[in-house]
Amino acid sequence: MELKTTIIQASIRGDKHEAIPNQDYINVFENDEFLITTVSDGLGSSKNSLEGAQIACKSVIDEIQNFQLSSELQFLSNKIKERWKKEIESISSIISDYRTTNSFIAVFKKEKKIIVGQIGDVLVSLRMDGLFRYLESTSKDFSNETVCLGSGRDENFKLALFEFGHTFDFLIATDGIADELQTEKIETLHDYFKNKFQNIEESRRNDALKCDLEEFLTEKNNDDKSMIFIWSNKN
């Protein structure tokens, strides 16, 4: 049975100096074997963080396609970090200029398994077969430093492996959005997105999501705000 999915996404530049770009980055890869969704949030204090964020997403997608589910999850964390670092070192000797957080969800379609990965504070919420299985937004540690790629502290991705039966839906959002979401209302938000956007023409969904974010988010912070929501469709 073919696994069909619906994808909506939006990214809004924060309120900051006009010379500073949106430092969030979203990337999605899908074929018959995988659905890989990854979101990076480049640190605003790092001048090349957008490029670091883009390379992080590419590293995630490339390494997951070569990952064997029989392997230890920590092996995947190491491979992603090594690939990201190698790519950065090929263009600069100052890795800290490219610091970025990253979260991803990878669906192995044939095996009906899902890997969730996080390094930093990009929120992830995952529901499978109608039950919430994962909800995490990692805050800054005691030193008030964001856990990220390029920090020099050799942090690892937090990883989890799940198996689904028939359906899933998940949300990934950078902290510009996550900081304004109430944990107890996340499931309601999943339902809202599914019910609303399945009735909107596909070509208009992303614009409609962007309008929603601009209308309902407050000015709690000036961060860039990016979100992707994906759900599987019953055949």
# chains A, B, ... in the order shown; residues from 1 in each chain; ligands from 1
>>> select_by_dssp(residues="region 71-219 of chain A", states="helix (DSSP H, G or I)", output="PDB file with C-alpha atoms, in the first residue's frame")
ATOM      1  CA  LEU A  73      21.037   5.078  16.918  1.00  0.00           C
ATOM      2  CA  GLN A  74      24.134   6.746  18.336  1.00  0.00           C
ATOM      3  CA  PHE A  75      25.946   5.751  15.154  1.00  0.00           C
ATOM      4  CA  LEU A  76      23.542   7.961  13.196  1.00  0.00           C
ATOM      5  CA  SER A  77      24.214  10.897  15.516  1.00  0.00           C
ATOM      6  CA  ASN A  78      27.945  10.514  14.995  1.00  0.00           C
ATOM      7  CA  LYS A  79      27.649  10.270  11.212  1.00  0.00           C
ATOM      8  CA  ILE A  80      25.491  13.403  10.947  1.00  0.00           C
ATOM      9  CA  LYS A  81      27.831  15.418  13.167  1.00  0.00           C
ATOM     10  CA  GLU A  82      30.914  14.218  11.322  1.00  0.00           C
ATOM     11  CA  ARG A  83      29.428  15.022   7.921  1.00  0.00           C
ATOM     12  CA  TRP A  84      28.323  18.490   9.038  1.00  0.00           C
ATOM     13  CA  LYS A  85      31.723  19.277  10.526  1.00  0.00           C
ATOM     14  CA  LYS A  86      33.563  18.044   7.436  1.00  0.00           C
ATOM     15  CA  GLU A  87      31.395  20.194   5.164  1.00  0.00           C
ATOM     16  CA  ILE A  88      31.995  23.274   7.328  1.00  0.00           C
ATOM     17  CA  GLU A  89      35.746  22.659   7.551  1.00  0.00           C
ATOM     18  CA  ILE A  95      33.216  26.367  12.909  1.00  0.00           C
ATOM     19  CA  SER A  96      31.480  28.496  15.533  1.00  0.00           C
ATOM     20  CA  ASP A  97      30.456  30.942  12.783  1.00  0.00           C
ATOM     21  CA  TYR A  98      28.089  28.233  11.490  1.00  0.00           C
ATOM     22  CA  ASP A 175      11.727  28.213  19.086  1.00  0.00           C
ATOM     23  CA  GLY A 176      10.257  31.426  17.696  1.00  0.00           C
ATOM     24  CA  ILE A 177       7.012  29.433  17.520  1.00  0.00           C
ATOM     25  CA  ALA A 178       7.642  26.801  20.186  1.00  0.00           C
ATOM     26  CA  THR A 183       2.247  21.949  25.777  1.00  0.00           C
ATOM     27  CA  GLU A 184      -1.242  20.860  26.795  1.00  0.00           C
ATOM     28  CA  LYS A 185      -2.655  22.326  23.572  1.00  0.00           C
ATOM     29  CA  ILE A 186      -0.254  20.689  21.102  1.00  0.00           C
ATOM     30  CA  GLU A 187      -2.596  17.794  20.323  1.00  0.00           C
ATOM     31  CA  THR A 188      -5.442  20.225  19.670  1.00  0.00           C
ATOM     32  CA  LEU A 189      -3.138  22.076  17.290  1.00  0.00           C
ATOM     33  CA  HIS A 190      -2.463  18.861  15.357  1.00  0.00           C
ATOM     34  CA  ASP A 191      -6.212  18.319  14.976  1.00  0.00           C
ATOM     35  CA  TYR A 192      -6.741  21.934  13.922  1.00  0.00           C
ATOM     36  CA  PHE A 193      -4.149  21.712  11.165  1.00  0.00           C
ATOM     37  CA  LYS A 194      -5.488  18.424   9.786  1.00  0.00           C
ATOM     38  CA  ASN A 195      -9.113  19.539   9.825  1.00  0.00           C
ATOM     39  CA  LYS A 196      -8.431  22.964   8.336  1.00  0.00           C
ATOM     40  CA  PHE A 197      -5.795  22.323   5.694  1.00  0.00           C
ATOM     41  CA  GLU A 202      -3.003  22.275  -2.120  1.00  0.00           C
ATOM     42  CA  SER A 203      -1.409  25.243  -3.891  1.00  0.00           C
ATOM     43  CA  ARG A 204      -2.756  27.620  -1.219  1.00  0.00           C
ATOM     44  CA  ARG A 205      -1.921  25.658   1.947  1.00  0.00           C
ATOM     45  CA  ASN A 206       1.506  27.092   2.679  1.00  0.00           C
ATOM     46  CA  ASP A 207       0.292  30.660   2.231  1.00  0.00           C
ATOM     47  CA  ALA A 208      -2.659  29.942   4.504  1.00  0.00           C
ATOM     48  CA  LEU A 209      -0.346  28.556   7.193  1.00  0.00           C
ATOM     49  CA  LYS A 210       1.877  31.617   6.954  1.00  0.00           C
ATOM     50  CA  CYS A 211      -1.164  33.861   7.415  1.00  0.00           C
ATOM     51  CA  ASP A 212      -2.202  31.840  10.470  1.00  0.00           C
ATOM     52  CA  LEU A 213       1.244  32.198  12.036  1.00  0.00           C
ATOM     53  CA  GLU A 214       1.361  35.930  11.377  1.00  0.00           C
ATOM     54  CA  GLU A 215      -2.127  36.407  12.823  1.00  0.00           C
ATOM     55  CA  PHE A 216      -1.971  34.278  15.954  1.00  0.00           C
TER      56      PHE A 216
END
>>> select_by_dssp(residues="region 133-181 of chain A", states="strand (DSSP E or B)", output="PyMOL selection string")
chain A and resi 133-136+149+158-163+168-173
>>> closest_residue(among="A:Thr5, A:Ile115, A:Lys47, A:Arg127", to="Val60 (chain A)", atoms="only C-alpha atoms")
A:Ile115
>>> closest_residue(among="A:Glu111, A:Glu2, A:Glu136, A:Glu51", to="Gln68 (chain A)", atoms="only C-alpha atoms")
A:Glu111
>>> closest_residue(among="A:Ser232, A:Gly42, A:Ser92, A:Ile26", to="Lys109 (chain A)", atoms="only C-alpha atoms")
A:Ser232
